[in-house]
file my_file_22.cif (mmCIF, C-alpha atoms)
data_coords
loop_
_atom_site.group_PDB
_atom_site.id
_atom_site.type_symbol
_atom_site.label_atom_id
_atom_site.label_comp_id
_atom_site.auth_asym_id
_atom_site.auth_seq_id
_atom_site.Cartn_x
_atom_site.Cartn_y
_atom_site.Cartn_z
ATOM 1 C CA MET A 1 24.231 7.041 -30.919
ATOM 2 C CA SER A 2 21.786 4.153 -31.038
ATOM 3 C CA ALA A 3 22.075 1.867 -34.050
ATOM 4 C CA ASN A 4 18.301 1.731 -34.068
ATOM 5 C CA PRO A 5 16.903 5.250 -33.538
ATOM 6 C CA THR A 6 13.307 4.086 -33.917
ATOM 7 C CA ALA A 7 13.690 1.468 -31.199
ATOM 8 C CA ALA A 8 15.413 4.011 -28.977
ATOM 9 C CA ALA A 9 12.552 6.460 -29.489
ATOM 10 C CA VAL A 10 9.982 3.817 -28.598
ATOM 11 C CA GLU A 11 11.922 2.901 -25.461
ATOM 12 C CA THR A 12 12.121 6.559 -24.425
ATOM 13 C CA GLU A 13 8.398 6.998 -24.980
ATOM 14 C CA THR A 14 7.627 3.852 -23.001
ATOM 15 C CA ASN A 15 9.746 5.031 -20.089
ATOM 16 C CA GLU A 16 8.243 8.528 -19.993
ATOM 17 C CA ARG A 17 6.412 8.512 -16.691
ATOM 18 C CA VAL A 18 3.690 11.003 -15.813
ATOM 19 C CA GLN A 19 3.061 12.170 -12.253
ATOM 20 C CA GLN A 20 -0.538 12.018 -11.058
ATOM 21 C CA HIS A 21 -1.905 14.069 -8.181
ATOM 22 C CA ARG A 22 -2.652 12.030 -5.090
ATOM 23 C CA ARG A 23 -4.754 12.642 -1.987
ATOM 24 C CA TYR A 24 -3.766 10.593 1.045
ATOM 25 C CA LEU A 25 -5.018 9.950 4.564
ATOM 26 C CA MET A 26 -2.326 9.716 7.238
ATOM 27 C CA CYS A 27 -2.163 9.534 11.044
ATOM 28 C CA ARG A 28 0.633 10.837 13.248
ATOM 29 C CA PRO A 29 2.199 8.032 15.310
ATOM 30 C CA GLU A 30 1.886 9.931 18.583
ATOM 31 C CA HIS A 31 1.055 6.745 20.472
ATOM 32 C CA PHE A 32 3.275 4.374 18.522
ATOM 33 C CA THR A 33 4.658 1.445 20.451
ATOM 34 C CA VAL A 34 4.773 -2.332 20.122
ATOM 35 C CA SER A 35 2.895 -3.747 23.101
ATOM 36 C CA TYR A 36 1.479 -6.870 21.442
ATOM 37 C CA SER A 37 2.374 -9.152 18.541
ATOM 38 C CA ILE A 38 0.006 -9.822 15.625
ATOM 39 C CA ASN A 39 2.630 -10.246 12.891
ATOM 40 C CA PRO A 40 6.209 -11.602 12.762
ATOM 41 C CA TRP A 41 7.730 -8.110 12.791
ATOM 42 C CA MET A 42 6.300 -7.177 16.190
ATOM 43 C CA GLU A 43 8.449 -8.018 19.218
ATOM 44 C CA PRO A 44 7.079 -6.364 22.375
ATOM 45 C CA SER A 45 10.329 -7.049 24.203
ATOM 46 C CA ARG A 46 12.211 -4.853 21.742
ATOM 47 C CA PRO A 47 12.210 -1.153 22.715
ATOM 48 C CA THR A 48 10.581 1.336 20.374
ATOM 49 C CA ASP A 49 11.300 5.037 20.021
ATOM 50 C CA THR A 50 8.122 7.057 19.549
ATOM 51 C CA ASP A 51 10.028 10.278 18.876
ATOM 52 C CA LEU A 52 12.020 8.596 16.092
ATOM 53 C CA ALA A 53 8.835 7.142 14.642
ATOM 54 C CA LEU A 54 7.342 10.639 14.596
ATOM 55 C CA ARG A 55 10.390 12.111 12.860
ATOM 56 C CA GLN A 56 10.441 9.394 10.224
ATOM 57 C CA TRP A 57 6.695 9.720 9.667
ATOM 58 C CA GLN A 58 7.089 13.496 9.315
ATOM 59 C CA SER A 59 9.719 12.923 6.634
ATOM 60 C CA LEU A 60 7.212 10.853 4.673
ATOM 61 C CA TYR A 61 4.528 13.509 5.139
ATOM 62 C CA ASP A 62 6.908 16.261 4.025
ATOM 63 C CA THR A 63 7.938 14.221 0.988
ATOM 64 C CA TYR A 64 4.351 13.897 -0.190
ATOM 65 C CA VAL A 65 3.746 17.618 0.297
ATOM 66 C CA ALA A 66 6.962 18.515 -1.558
ATOM 67 C CA LEU A 67 5.788 16.369 -4.476
ATOM 68 C CA GLY A 68 2.543 18.329 -4.612
ATOM 69 C CA HIS A 69 0.229 15.768 -3.075
ATOM 70 C CA GLU A 70 -2.625 16.521 -0.699
ATOM 71 C CA ILE A 71 -2.642 15.088 2.823
ATOM 72 C CA GLU A 72 -5.614 14.649 5.139
ATOM 73 C CA LEU A 73 -5.084 13.669 8.767
ATOM 74 C CA ILE A 74 -7.082 11.481 11.104
ATOM 75 C CA ASP A 75 -6.541 12.109 14.822
ATOM 76 C CA PRO A 76 -4.573 9.384 16.590
ATOM 77 C CA VAL A 77 -6.347 7.639 19.457
ATOM 78 C CA GLU A 78 -4.503 6.717 22.620
ATOM 79 C CA GLY A 79 -4.354 2.965 23.061
ATOM 80 C CA LEU A 80 -4.509 2.326 19.304
ATOM 81 C CA PRO A 81 -0.819 2.410 18.294
ATOM 82 C CA ASP A 82 -1.437 0.857 14.876
ATOM 83 C CA MET A 83 -3.668 3.704 13.657
ATOM 84 C CA VAL A 84 -0.553 5.110 11.988
ATOM 85 C CA TYR A 85 -1.028 2.340 9.402
ATOM 86 C CA THR A 86 -3.950 4.115 7.750
ATOM 87 C CA ALA A 87 -3.878 1.906 4.641
ATOM 88 C CA ASN A 88 -5.696 -0.706 6.725
ATOM 89 C CA GLY A 89 -8.445 1.756 7.605
ATOM 90 C CA GLY A 90 -10.496 1.410 4.425
ATOM 91 C CA PHE A 91 -10.576 1.205 0.650
ATOM 92 C CA VAL A 92 -11.794 4.242 -1.268
ATOM 93 C CA ILE A 93 -12.910 4.559 -4.895
ATOM 94 C CA ASP A 94 -15.024 7.350 -6.427
ATOM 95 C CA GLY A 95 -15.972 8.812 -3.066
ATOM 96 C CA VAL A 96 -17.151 5.500 -1.615
ATOM 97 C CA ALA A 97 -15.269 4.230 1.438
ATOM 98 C CA TYR A 98 -15.504 0.513 2.176
ATOM 99 C CA GLY A 99 -14.804 0.348 5.887
ATOM 100 C CA PRO A 100 -12.467 -2.075 7.652
ATOM 101 C CA LYS A 101 -13.261 -4.972 9.937
ATOM 102 C CA PHE A 102 -10.025 -6.036 11.603
ATOM 103 C CA ARG A 103 -9.127 -9.661 12.225
ATOM 104 C CA PHE A 104 -7.438 -9.073 15.595
ATOM 105 C CA ARG A 105 -9.188 -7.589 18.624
ATOM 106 C CA GLU A 106 -6.148 -5.363 19.276
ATOM 107 C CA ARG A 107 -7.084 -3.309 16.223
ATOM 108 C CA ALA A 108 -10.874 -3.666 16.301
ATOM 109 C CA ASP A 109 -11.504 -0.217 17.811
ATOM 110 C CA GLU A 110 -9.745 1.457 14.891
ATOM 111 C CA ALA A 111 -12.635 0.573 12.584
ATOM 112 C CA PRO A 112 -15.232 3.006 14.007
ATOM 113 C CA ALA A 113 -12.637 5.774 14.131
ATOM 114 C CA PHE A 114 -11.936 5.426 10.411
ATOM 115 C CA ILE A 115 -15.581 4.954 9.463
ATOM 116 C CA ASP A 116 -16.542 8.073 11.425
ATOM 117 C CA TRP A 117 -13.774 10.037 9.701
ATOM 118 C CA PHE A 118 -14.996 9.005 6.256
ATOM 119 C CA ALA A 119 -18.583 9.940 7.096
ATOM 120 C CA ALA A 120 -17.520 13.329 8.457
ATOM 121 C CA ASN A 121 -15.381 14.127 5.424
ATOM 122 C CA GLY A 122 -17.786 13.669 2.557
ATOM 123 C CA PHE A 123 -17.431 9.987 1.743
ATOM 124 C CA GLU A 124 -20.257 7.529 1.261
ATOM 125 C CA VAL A 125 -19.542 4.722 3.721
ATOM 126 C CA ALA A 126 -20.066 1.068 2.881
ATOM 127 C CA GLU A 127 -20.188 -0.774 6.201
ATOM 128 C CA PRO A 128 -18.352 -4.111 6.040
ATOM 129 C CA VAL A 129 -19.800 -7.455 6.995
ATOM 130 C CA GLU A 130 -16.710 -9.493 6.205
ATOM 131 C CA VAL A 131 -13.258 -9.303 7.783
ATOM 132 C CA ASN A 132 -11.078 -7.022 5.687
ATOM 133 C CA GLU A 133 -8.147 -4.703 6.313
ATOM 134 C CA GLY A 134 -8.713 -2.094 3.667
ATOM 135 C CA GLU A 135 -6.054 -1.045 1.227
ATOM 136 C CA GLY A 136 -3.659 -3.334 3.017
ATOM 137 C CA ASP A 137 -5.290 -6.176 1.078
ATOM 138 C CA PHE A 138 -7.067 -4.346 -1.778
ATOM 139 C CA LEU A 139 -5.067 -2.654 -4.519
ATOM 140 C CA LEU A 140 -6.628 -0.822 -7.457
ATOM 141 C CA VAL A 141 -4.852 -1.531 -10.740
ATOM 142 C CA GLY A 142 -6.668 0.215 -13.567
ATOM 143 C CA ASP A 143 -10.268 -0.985 -13.258
ATOM 144 C CA THR A 144 -9.295 -4.183 -11.461
ATOM 145 C CA ILE A 145 -9.094 -4.794 -7.720
ATOM 146 C CA LEU A 146 -6.289 -7.126 -6.707
ATOM 147 C CA ALA A 147 -7.366 -8.695 -3.420
ATOM 148 C CA GLY A 148 -5.187 -10.525 -0.917
ATOM 149 C CA THR A 149 -6.076 -13.283 1.493
ATOM 150 C CA GLY A 150 -4.261 -15.852 3.578
ATOM 151 C CA PHE A 151 -3.578 -13.955 6.793
ATOM 152 C CA ARG A 152 -5.944 -11.023 7.332
ATOM 153 C CA SER A 153 -8.780 -10.300 4.893
ATOM 154 C CA THR A 154 -11.078 -13.236 4.174
ATOM 155 C CA GLY A 155 -12.041 -14.552 0.789
ATOM 156 C CA ASP A 156 -15.632 -13.485 1.482
ATOM 157 C CA SER A 157 -14.436 -9.878 1.682
ATOM 158 C CA HIS A 158 -13.267 -10.225 -1.934
ATOM 159 C CA ARG A 159 -16.851 -10.932 -2.971
ATOM 160 C CA GLU A 160 -18.067 -8.055 -0.804
ATOM 161 C CA VAL A 161 -15.603 -5.490 -2.156
ATOM 162 C CA GLY A 162 -16.547 -6.509 -5.699
ATOM 163 C CA GLU A 163 -20.211 -5.929 -4.903
ATOM 164 C CA VAL A 164 -19.517 -2.552 -3.289
ATOM 165 C CA PHE A 165 -17.554 -1.193 -6.239
ATOM 166 C CA SER A 166 -18.962 -3.286 -9.138
ATOM 167 C CA ARG A 167 -15.461 -4.118 -10.356
ATOM 168 C CA GLU A 168 -13.516 -7.200 -11.276
ATOM 169 C CA VAL A 169 -11.756 -8.700 -8.259
ATOM 170 C CA VAL A 170 -8.712 -10.942 -8.672
ATOM 171 C CA SER A 171 -8.004 -13.019 -5.561
ATOM 172 C CA LEU A 172 -4.386 -13.699 -4.622
ATOM 173 C CA THR A 173 -3.220 -15.895 -1.753
ATOM 174 C CA LEU A 174 -0.294 -14.889 0.447
ATOM 175 C CA THR A 175 1.718 -17.720 1.992
ATOM 176 C CA ASP A 176 4.637 -16.073 3.837
ATOM 177 C CA PRO A 177 3.579 -14.653 7.231
ATOM 178 C CA ARG A 178 6.112 -11.821 6.922
ATOM 179 C CA PHE A 179 4.038 -10.529 4.022
ATOM 180 C CA TYR A 180 0.653 -10.709 5.680
ATOM 181 C CA HIS A 181 -0.974 -7.910 3.672
ATOM 182 C CA LEU A 182 -1.069 -7.634 -0.104
ATOM 183 C CA ASP A 183 0.579 -4.202 -0.008
ATOM 184 C CA THR A 184 3.742 -5.748 1.423
ATOM 185 C CA ALA A 185 4.129 -7.960 -1.658
ATOM 186 C CA ILE A 186 2.761 -5.844 -4.535
ATOM 187 C CA ALA A 187 3.384 -2.204 -5.424
ATOM 188 C CA VAL A 188 1.100 -0.447 -7.914
ATOM 189 C CA LEU A 189 3.339 1.786 -10.007
ATOM 190 C CA ASP A 190 1.031 3.285 -12.620
ATOM 191 C CA PRO A 191 -2.487 4.660 -12.343
ATOM 192 C CA VAL A 192 -3.792 2.878 -15.452
ATOM 193 C CA GLU A 193 -3.403 -0.578 -16.910
ATOM 194 C CA GLY A 194 -2.571 0.509 -20.435
ATOM 195 C CA VAL A 195 -2.073 3.462 -22.760
ATOM 196 C CA GLY A 196 -3.348 3.158 -26.304
ATOM 197 C CA GLY A 197 -4.224 -0.452 -25.662
ATOM 198 C CA VAL A 198 -0.644 -1.313 -24.709
ATOM 199 C CA GLU A 199 -0.107 -3.040 -21.367
ATOM 200 C CA LYS A 200 2.268 -1.176 -19.078
ATOM 201 C CA ALA A 201 4.618 -2.578 -16.464
ATOM 202 C CA ASN A 202 2.399 -1.102 -13.817
ATOM 203 C CA ILE A 203 3.070 -3.335 -10.839
ATOM 204 C CA ALA A 204 6.028 -4.774 -9.022
ATOM 205 C CA TYR A 205 5.707 -7.886 -6.908
ATOM 206 C CA LEU A 206 7.503 -10.469 -4.814
ATOM 207 C CA PRO A 207 6.807 -13.890 -6.400
ATOM 208 C CA ASN A 208 7.735 -15.960 -3.362
ATOM 209 C CA ALA A 209 5.130 -14.248 -1.198
ATOM 210 C CA PHE A 210 2.330 -16.022 -3.126
ATOM 211 C CA ASP A 211 1.116 -19.530 -3.764
ATOM 212 C CA GLU A 212 1.644 -21.109 -7.193
ATOM 213 C CA ARG A 213 -1.839 -20.272 -8.458
ATOM 214 C CA SER A 214 -1.420 -16.598 -7.602
ATOM 215 C CA GLN A 215 2.047 -16.468 -9.163
ATOM 216 C CA ALA A 216 0.578 -17.871 -12.376
ATOM 217 C CA ILE A 217 -2.160 -15.237 -12.377
ATOM 218 C CA LEU A 218 0.372 -12.427 -11.907
ATOM 219 C CA ARG A 219 2.642 -13.775 -14.654
ATOM 220 C CA GLU A 220 -0.268 -13.972 -17.072
ATOM 221 C CA ARG A 221 -1.877 -10.628 -16.292
ATOM 222 C CA TYR A 222 1.316 -8.601 -15.831
ATOM 223 C CA PRO A 223 4.029 -10.206 -17.956
ATOM 224 C CA ASP A 224 6.172 -7.055 -17.889
ATOM 225 C CA ALA A 225 5.865 -6.437 -14.163
ATOM 226 C CA ILE A 226 8.972 -5.847 -12.070
ATOM 227 C CA ARG A 227 9.756 -8.969 -10.077
ATOM 228 C CA VAL A 228 11.486 -7.976 -6.884
ATOM 229 C CA SER A 229 14.114 -10.047 -5.091
ATOM 230 C CA ASP A 230 13.529 -11.711 -1.755
ATOM 231 C CA ALA A 231 16.183 -9.436 -0.238
ATOM 232 C CA ASP A 232 14.323 -6.284 -1.279
ATOM 233 C CA GLY A 233 10.999 -7.748 -0.221
ATOM 234 C CA ALA A 234 12.382 -8.545 3.216
ATOM 235 C CA VAL A 235 13.082 -4.845 3.880
ATOM 236 C CA PHE A 236 9.507 -3.935 2.837
ATOM 237 C CA GLY A 237 10.744 -2.554 -0.479
ATOM 238 C CA LEU A 238 7.362 -3.217 -2.062
ATOM 239 C CA ASN A 239 5.467 -1.409 0.676
ATOM 240 C CA SER A 240 5.782 1.751 -1.363
ATOM 241 C CA ALA A 241 3.669 4.557 -2.805
ATOM 242 C CA SER A 242 3.743 5.742 -6.409
ATOM 243 C CA ASP A 243 2.237 8.711 -8.212
ATOM 244 C CA GLY A 244 3.038 7.235 -11.612
ATOM 245 C CA LYS A 245 6.474 8.834 -11.761
ATOM 246 C CA ASN A 246 7.892 9.154 -8.249
ATOM 247 C CA VAL A 247 8.002 5.958 -6.202
ATOM 248 C CA ILE A 248 8.623 6.395 -2.483
ATOM 249 C CA ILE A 249 10.542 3.359 -1.239
ATOM 250 C CA SER A 250 12.760 2.114 1.563
ATOM 251 C CA PRO A 251 16.412 3.178 1.141
ATOM 252 C CA ARG A 252 17.415 -0.403 1.902
ATOM 253 C CA ALA A 253 15.717 -1.805 -1.209
ATOM 254 C CA LYS A 254 18.745 -1.213 -3.441
ATOM 255 C CA GLY A 255 17.856 -3.727 -6.135
ATOM 256 C CA PHE A 256 14.308 -2.443 -6.446
ATOM 257 C CA GLU A 257 15.623 1.117 -6.642
ATOM 258 C CA ALA A 258 17.775 0.134 -9.629
ATOM 259 C CA GLN A 259 14.878 -1.700 -11.289
ATOM 260 C CA LEU A 260 12.671 1.370 -10.961
ATOM 261 C CA ARG A 261 15.292 3.635 -12.514
ATOM 262 C CA GLU A 262 15.663 1.220 -15.435
ATOM 263 C CA ARG A 263 11.924 1.546 -16.085
ATOM 264 C CA GLY A 264 11.986 5.348 -16.016
ATOM 265 C CA TYR A 265 10.616 5.908 -12.517
ATOM 266 C CA THR A 266 12.165 8.252 -9.969
ATOM 267 C CA PRO A 267 12.784 6.463 -6.660
ATOM 268 C CA VAL A 268 12.407 8.692 -3.602
ATOM 269 C CA LEU A 269 14.008 7.206 -0.511
ATOM 270 C CA VAL A 270 12.303 7.534 2.873
ATOM 271 C CA ASP A 271 13.401 5.550 5.923
ATOM 272 C CA LEU A 272 10.591 4.241 8.144
ATOM 273 C CA SER A 273 12.735 1.691 9.980
ATOM 274 C CA GLU A 274 11.161 2.452 13.362
ATOM 275 C CA LEU A 275 7.629 1.926 12.076
ATOM 276 C CA LEU A 276 8.747 -1.353 10.527
ATOM 277 C CA LEU A 277 9.034 -2.627 14.112
ATOM 278 C CA GLY A 278 5.240 -2.640 14.061
ATOM 279 C CA GLY A 279 5.145 -4.415 10.720
ATOM 280 C CA GLY A 280 4.433 -1.383 8.549
ATOM 281 C CA GLY A 281 6.186 0.762 5.995
ATOM 282 C CA ILE A 282 5.502 3.580 3.558
ATOM 283 C CA LYS A 283 2.345 2.207 1.966
ATOM 284 C CA CYS A 284 0.987 1.036 5.316
ATOM 285 C CA CYS A 285 1.064 4.671 6.462
ATOM 286 C CA THR A 286 -0.679 5.891 3.313
ATOM 287 C CA LEU A 287 -4.348 5.446 2.392
ATOM 288 C CA GLU A 288 -5.321 6.824 -0.994
ATOM 289 C CA LEU A 289 -8.503 8.887 -1.055
ATOM 290 C CA ARG A 290 -10.101 8.632 -4.493
ATOM 291 C CA GLY A 291 -12.982 11.050 -4.918
ATOM 292 C CA GLY A 292 -15.108 12.480 -2.130
ATOM 293 C CA THR A 293 -15.563 16.111 -1.139
ATOM 294 C CA ARG A 294 -13.013 18.279 0.568
#

call {"tool": "encode", "arguments": {"input": "my_file_22.cif", "output": "structure tokens"}}
result
Amino acid sequence: MSANPTAAAVETETNERVQQHRRYLMCRPEHFTVSYSINPWMEPSRPTDTDLALRQWQSLYDTYVALGHEIELIDPVEGLPDMVYTANGGFVIDGVAYGPKFRFRERADEAPAFIDWFAANGFEVAEPVEVNEGEGDFLLVGDTILAGTGFRSTGDSHREVGEVFSREVVSLTLTDPRFYHLDTAIAVLDPVEGVGGVEKANIAYLPNAFDERSQAILRERYPDAIRVSDADGAVFGLNSASDGKNVIISPRAKGFEAQLRERGYTPVLVDLSELLLGGGGIKCCTLELRGGTR
């Protein structure tokens, strides 16, 4: 029995996690291959297995459905193998979809496909002017948008996304090319920033993926955040999806799995090793749809 029952009760209450319903956009990797290289993970000379990618993707899809979440699908387009990484296809809040504008020409034709899907499925579309790669570089934490730059989305897109959604935008600079999108270096664990005015440990992040200024911002704003090891970051452990209770992560991120359990989360392990050959993981394949009509 705890020597301090009150403290134990507070700890239990703090660690009581509540699942929130999620609605996600996904795309079957029917045309998945690595035929070009736009990030350090992509090696065209290394064979890829489309059937394995499909099976692993299906496991992720089935996991979301088993957890009670709602999945929408966008049709894959031949010649656009990276469409499976739907997180890059936009950023959606309150039924407004801020469309993508990809940095590399290899992905440019994905943008109209995603924008057309949003328009056809009840979302108000905000056409982008600036280069941005959607929820790959924009993460909603409470009422704040954390915005990444350094490799893909430009700093001007941070201004633009703030204007579209009328929210505070906190710019963070990525410095390690392996972690070229913000969602490879930060995981949003809780849907809100605080309960009863108390800050929650609602993000996890990889400190060494950021410059010193960005590390200082994260330390100040999220002092209780989970700081993930380089080893777990290197297996895309932070490229995960959370519903506030269940956190879907790579089975290779053993340290992060233990950290999540210590904080009262339930890690759910899904292997997307084949899709990692294209530089994407669980979160890359998952775009959250907030609002909009069905």

call {"tool": "atom_distance", "arguments": {"input": "my_file_22.cif", "atom1": "CA of Ala108 (chain A)", "atom2": "CA of Ser37 (chain A)"}}
result
14.5 Å

call {"tool": "atom_distance", "arguments": {"input": "my_file_22.cif", "atom1": "CA of Asn132 (chain A)", "atom2": "CA of His181 (chain A)"}}
result
10.3 Å

call {"tool": "residues_around", "arguments": {"input": "my_file_22.cif", "residues": "Pro29 (chain A)", "least_positions_apart": "2", "cutoff": "6 Å", "atoms": "all atoms listed in the file", "output": "list in words"}}
result
His31, Phe32, Leu54 and Val84 of chain A

call {"tool": "residues_around", "arguments": {"input": "my_file_22.cif", "residues": "region 144-160 of chain A", "least_positions_apart": "6", "cutoff": "8 Å", "atoms": "all atoms listed in the file", "output": "JSON, numbers by chain"}}
result
{"A": [102, 103, 128, 129, 130, 131, 132, 133, 137, 138, 167, 168, 169, 170, 171, 172, 173, 174, 175, 177, 180, 181, 182]}

call {"tool": "atom_distance", "arguments": {"input": "my_file_22.cif", "atom1": "CA of Ala231 (chain A)", "atom2": "CA of Glu135 (chain A)"}}
result
23.8 Å

call {"tool": "closest_residue", "arguments": {"input": "my_file_22.cif", "among": "A:Gln19, A:Pro81, A:Arg105, A:Met26", "to": "Asp62 (chain A)", "atoms": "only C-alpha atoms"}}
result
A:Met26

call {"tool": "residues_around", "arguments": {"input": "my_file_22.cif", "residues": "Asn246 (chain A)", "least_positions_apart": "5", "cutoff": "12 Å", "atoms": "all atoms listed in the file", "output": "list in words"}}
result
Glu16, Arg17, Val18, Gln19, Gln20, His21, Arg22, Thr63, Tyr64, Ala66, Leu67, Gly68, His69, Val188, Leu189, Asp190, Ser240, Ala241, Glu257, Leu260, Arg261, Arg263, Gly264, Tyr265, Thr266, Pro267, Val268 and Leu269 of chain A

call {"tool": "closest_residue", "arguments": {"input": "my_file_22.cif", "among": "A:Tyr24, A:Phe104, A:Phe165, A:Tyr98", "to": "Thr86 (chain A)", "atoms": "only C-alpha atoms"}}
result
A:Tyr24

call {"tool": "build_atoms", "arguments": {"input": "my_file_22.cif", "residues": "region 38-62 of chain A", "atoms": "N, CA and C atoms", "output": "JSON list (two decimals), in the coordinates of the input"}}
result
[["chain", "number", "residue", "atom", "x", "y", "z"],
["A", 38, "ILE", "N", 1.00, -9.23, 16.53],
["A", 38, "ILE", "CA", 0.01, -9.82, 15.62],
["A", 38, "ILE", "C", 0.61, -10.07, 14.24],
["A", 39, "ASN", "N", 1.92, -9.88, 14.11],
["A", 39, "ASN", "CA", 2.63, -10.25, 12.89],
["A", 39, "ASN", "C", 4.09, -10.53, 13.26],
["A", 40, "PRO", "N", 4.84, -11.19, 12.40],
["A", 40, "PRO", "CA", 6.21, -11.60, 12.76],
["A", 40, "PRO", "C", 7.17, -10.46, 13.02],
["A", 41, "TRP", "N", 6.83, -9.25, 12.61],
["A", 41, "TRP", "CA", 7.73, -8.11, 12.79],
["A", 41, "TRP", "C", 7.65, -7.54, 14.20],
["A", 42, "MET", "N", 6.56, -7.80, 14.89],
["A", 42, "MET", "CA", 6.30, -7.18, 16.19],
["A", 42, "MET", "C", 6.90, -8.00, 17.32],
["A", 43, "GLU", "N", 7.82, -7.38, 18.06],
["A", 43, "GLU", "CA", 8.45, -8.02, 19.22],
["A", 43, "GLU", "C", 8.31, -7.07, 20.41],
["A", 44, "PRO", "N", 7.31, -7.28, 21.25],
["A", 44, "PRO", "CA", 7.08, -6.36, 22.38],
["A", 44, "PRO", "C", 8.28, -6.18, 23.30],
["A", 45, "SER", "N", 9.16, -7.17, 23.33],
["A", 45, "SER", "CA", 10.33, -7.05, 24.20],
["A", 45, "SER", "C", 11.39, -6.10, 23.64],
["A", 46, "ARG", "N", 11.23, -5.74, 22.39],
["A", 46, "ARG", "CA", 12.21, -4.85, 21.74],
["A", 46, "ARG", "C", 11.78, -3.40, 21.93],
["A", 47, "PRO", "N", 12.62, -2.54, 22.47],
["A", 47, "PRO", "CA", 12.21, -1.15, 22.72],
["A", 47, "PRO", "C", 11.89, -0.41, 21.42],
["A", 48, "THR", "N", 10.91, 0.46, 21.50],
["A", 48, "THR", "CA", 10.58, 1.34, 20.37],
["A", 48, "THR", "C", 10.78, 2.79, 20.79],
["A", 49, "ASP", "N", 11.00, 3.63, 19.79],
["A", 49, "ASP", "CA", 11.30, 5.04, 20.02],
["A", 49, "ASP", "C", 10.21, 5.86, 19.34],
["A", 50, "THR", "N", 9.25, 6.32, 20.12],
["A", 50, "THR", "CA", 8.12, 7.06, 19.55],
["A", 50, "THR", "C", 8.58, 8.34, 18.89],
["A", 51, "ASP", "N", 9.53, 9.04, 19.47],
["A", 51, "ASP", "CA", 10.03, 10.28, 18.88],
["A", 51, "ASP", "C", 10.66, 10.02, 17.51],
["A", 52, "LEU", "N", 11.42, 8.94, 17.39],
["A", 52, "LEU", "CA", 12.02, 8.60, 16.09],
["A", 52, "LEU", "C", 10.94, 8.23, 15.09],
["A", 53, "ALA", "N", 9.94, 7.49, 15.54],
["A", 53, "ALA", "CA", 8.84, 7.14, 14.64],
["A", 53, "ALA", "C", 8.14, 8.39, 14.12],
["A", 54, "LEU", "N", 7.96, 9.38, 15.01],
["A", 54, "LEU", "CA", 7.34, 10.64, 14.60],
["A", 54, "LEU", "C", 8.19, 11.38, 13.59],
["A", 55, "ARG", "N", 9.51, 11.41, 13.79],
["A", 55, "ARG", "CA", 10.39, 12.11, 12.86],
["A", 55, "ARG", "C", 10.39, 11.43, 11.49],
["A", 56, "GLN", "N", 10.44, 10.11, 11.50],
["A", 56, "GLN", "CA", 10.44, 9.39, 10.22],
["A", 56, "GLN", "C", 9.10, 9.57, 9.51],
["A", 57, "TRP", "N", 8.02, 9.50, 10.26],
["A", 57, "TRP", "CA", 6.70, 9.72, 9.67],
["A", 57, "TRP", "C", 6.60, 11.13, 9.08],
["A", 58, "GLN", "N", 7.13, 12.11, 9.79],
["A", 58, "GLN", "CA", 7.09, 13.50, 9.32],
["A", 58, "GLN", "C", 7.86, 13.63, 8.01],
["A", 59, "SER", "N", 8.95, 12.90, 7.88],
["A", 59, "SER", "CA", 9.72, 12.92, 6.63],
["A", 59, "SER", "C", 8.88, 12.41, 5.47],
["A", 60, "LEU", "N", 8.09, 11.36, 5.72],
["A", 60, "LEU", "CA", 7.21, 10.85, 4.67],
["A", 60, "LEU", "C", 6.15, 11.88, 4.33],
["A", 61, "TYR", "N", 5.54, 12.46, 5.34],
["A", 61, "TYR", "CA", 4.53, 13.51, 5.14],
["A", 61, "TYR", "C", 5.11, 14.66, 4.31],
["A", 62, "ASP", "N", 6.28, 15.14, 4.72],
["A", 62, "ASP", "CA", 6.91, 16.26, 4.03],
["A", 62, "ASP", "C", 7.26, 15.90, 2.58]]
